[in-house]
Amino acid sequence: MGSVMRGRYLAEAGRCMVCHGEGLRGLGPVPALAGRSPSYVARQLYDFQQGTRNGAWSDLMDISVADLSIEDIVHLSAYTASLTP
């Protein structure tokens, strides 16, 4: 429960919903995160942070994940997995 609540705080503070939409259900070409596997979300965040994940809009993610700790990634992954897709 603590990871989910911390992840919610991080998502709201990081303004993830601006790009990923209300409830993190996606917005236009930006993918939904709600209900995704926590290991998938963690891997994507880590890959963005390490620069191994690139794409048309990866520059926006690079800024968002730059200061995340591994614990933050775990919390965000728990939160996104807890959401209804």
# chains A, B, ... in the order shown; residues from 1 in each chain; ligands from 1

$ residues_around --residues "Arg6 in chain A" --least-positions-apart "2" --cutoff "9 Å" --atoms "only C-alpha atoms" --output "list in words"
Met1, Gly2, Ser3, Val4, Arg8, Tyr9, Leu10, Ala11, Asp72, His75, Leu76 and Tyr79 of chain A

$ write_last_selection --atoms "N, CA and C atoms" --output "PDB file, in the first residue's frame"
ATOM      1  N   MET A   1       0.817  -1.193   0.000  1.00  0.00           N
ATOM      2  CA  MET A   1       0.000   0.000   0.000  1.00  0.00           C
ATOM      3  C   MET A   1       0.861   1.258   0.000  1.00  0.00           C
ATOM      4  N   GLY A   2       1.960   1.243   0.746  1.00  0.00           N
ATOM      5  CA  GLY A   2       2.828   2.412   0.808  1.00  0.00           C
ATOM      6  C   GLY A   2       3.421   2.763  -0.541  1.00  0.00           C
ATOM      7  N   SER A   3       3.807   1.749  -1.306  1.00  0.00           N
ATOM      8  CA  SER A   3       4.379   2.011  -2.632  1.00  0.00           C
ATOM      9  C   SER A   3       3.350   2.619  -3.565  1.00  0.00           C
ATOM     10  N   VAL A   4       2.125   2.159  -3.484  1.00  0.00           N
ATOM     11  CA  VAL A   4       1.073   2.687  -4.344  1.00  0.00           C
ATOM     12  C   VAL A   4       0.821   4.160  -4.013  1.00  0.00           C
ATOM     13  N   ARG A   8       1.549   7.328  -6.391  1.00  0.00           N
ATOM     14  CA  ARG A   8       0.524   8.313  -6.750  1.00  0.00           C
ATOM     15  C   ARG A   8       1.050   9.728  -6.535  1.00  0.00           C
ATOM     16  N   TYR A   9       1.692   9.927  -5.396  1.00  0.00           N
ATOM     17  CA  TYR A   9       2.276  11.242  -5.110  1.00  0.00           C
ATOM     18  C   TYR A   9       3.288  11.631  -6.190  1.00  0.00           C
ATOM     19  N   LEU A  10       4.177  10.704  -6.547  1.00  0.00           N
ATOM     20  CA  LEU A  10       5.196  10.985  -7.566  1.00  0.00           C
ATOM     21  C   LEU A  10       4.559  11.282  -8.921  1.00  0.00           C
ATOM     22  N   ALA A  11       3.534  10.521  -9.281  1.00  0.00           N
ATOM     23  CA  ALA A  11       2.869  10.724 -10.573  1.00  0.00           C
ATOM     24  C   ALA A  11       2.191  12.091 -10.621  1.00  0.00           C
ATOM     25  N   ASP A  72      11.828   5.111  -6.461  1.00  0.00           N
ATOM     26  CA  ASP A  72      10.777   5.891  -7.108  1.00  0.00           C
ATOM     27  C   ASP A  72      10.166   5.115  -8.265  1.00  0.00           C
ATOM     28  N   HIS A  75       7.864   2.532  -6.904  1.00  0.00           N
ATOM     29  CA  HIS A  75       6.616   3.143  -6.437  1.00  0.00           C
ATOM     30  C   HIS A  75       5.703   3.516  -7.611  1.00  0.00           C
ATOM     31  N   LEU A  76       6.268   4.139  -8.628  1.00  0.00           N
ATOM     32  CA  LEU A  76       5.471   4.504  -9.803  1.00  0.00           C
ATOM     33  C   LEU A  76       4.904   3.272 -10.497  1.00  0.00           C
ATOM     34  N   TYR A  79       1.983   1.961  -8.507  1.00  0.00           N
ATOM     35  CA  TYR A  79       0.813   2.829  -8.676  1.00  0.00           C
ATOM     36  C   TYR A  79       0.137   2.594 -10.028  1.00  0.00           C
TER      37      TYR A  79
END

$ residues_around --residues "Glu12 in chain A" --least-positions-apart "2" --cutoff "12 Å" --atoms "only C-alpha atoms" --output "ChimeraX atom specification"
/A:5-10,14-24,64,76,79-80

$ select_by_dssp --residues "chain A" --states "alpha helix (DSSP H)" --output "JSON, numbers by chain"
{"A": [2, 3, 4, 5, 6, 7, 8, 9, 10, 11, 12, 13, 16, 17, 18, 19, 20, 38, 39, 40, 41, 42, 43, 44, 45, 46, 47, 48, 49, 50, 58, 59, 60, 61, 62, 63, 64, 65, 70, 71, 72, 73, 74, 75, 76, 77, 78, 79, 80, 81, 82]}

$ residues_around --residues "Arg43 in chain A" --least-positions-apart "4" --cutoff "12 Å" --atoms "only C-alpha atoms" --output "PyMOL selection string"
chain A and resi 36-39+47-53+70+73-74+76-77

$ atom_distance --atom1 "CA of Leu60 in chain A" --atom2 "CA of Pro85 in chain A"
22.8 Å

$ closest_residue --among "A:Leu45, A:Ala13, A:Ala32, A:Ala81" --to "Val65 in chain A" --atoms "only C-alpha atoms"
A:Leu45

$ atom_distance --atom1 "CA of Ser69 in chain A" --atom2 "CA of Pro29 in chain A"
26.9 Å
